[in-house]
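Student: Once you've had a glance at the structure underneath, I'll fire off some questions.
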Amino acid sequence: MVTDLDEEYKDAQLKVDVELSSLGSAIVELKLLDAEGNLVLSAAREGQGQLVFELPISNPVKWTNEKPYLYSMVLIHKNTKGEVKEALAQKVGFREVEIIKNVFYVNG
């Protein structure tokens, strides 16, 4: 998983690669929830092997050391009949970290 901020540190892209080990086709649903549990976005992919999500996020709350804001990402693995086989949750933060001329920058 990668979270990339644009050059102005405003909008972001959430990139998630999912590797399915089961044989045959499956459905993976991705949900991103804010810190209060509100749905920010939802997407689904059907296939086998590797499924790729590249989703734009408009003006996410940025993670900083002073304000460590985290979203919750939920991946739901379903068979082609729509039956849930597995679900995973992970915390996600949007930030850009750089070192420029020996100075450490977070979000510019």
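Letters for chains follow the order of the structure tokens (A, B, ...), residue numbers begin at 1 for each chain, and ligand numbers begin at 1 in the order shown.
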Could you give me, as JSON, numbers by chain, the residues within 12 Å of range 60-70 of chain A, counting only C-alpha atoms and dropping anything in the same chain fewer than 2 positions from it?
Tutor: {"A": [3, 4, 5, 6, 9, 10, 11, 12, 13, 14, 32, 33, 34, 35, 36, 37, 40, 41, 56, 57, 58, 72, 73, 90, 91, 92, 93, 94, 95, 96, 97, 105, 106, 107, 108]}
Student: Pick out the closest residue to Ala44 in chain A from this set: A:Val2, A:Leu88, A:Leu75, A:Leu23. Count only C-alpha atoms.
Tutor: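 The shortest atom-to-atom distance to Ala44 in chain A comes from A:Leu75.
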Student: Residues within 9 Å of Ser21 in chain A, please, as a ChimeraX atom specification. Count only C-alpha atoms; anything in the same chain fewer than 4 positions from it doesn't count.
Tutor: /A:48-50
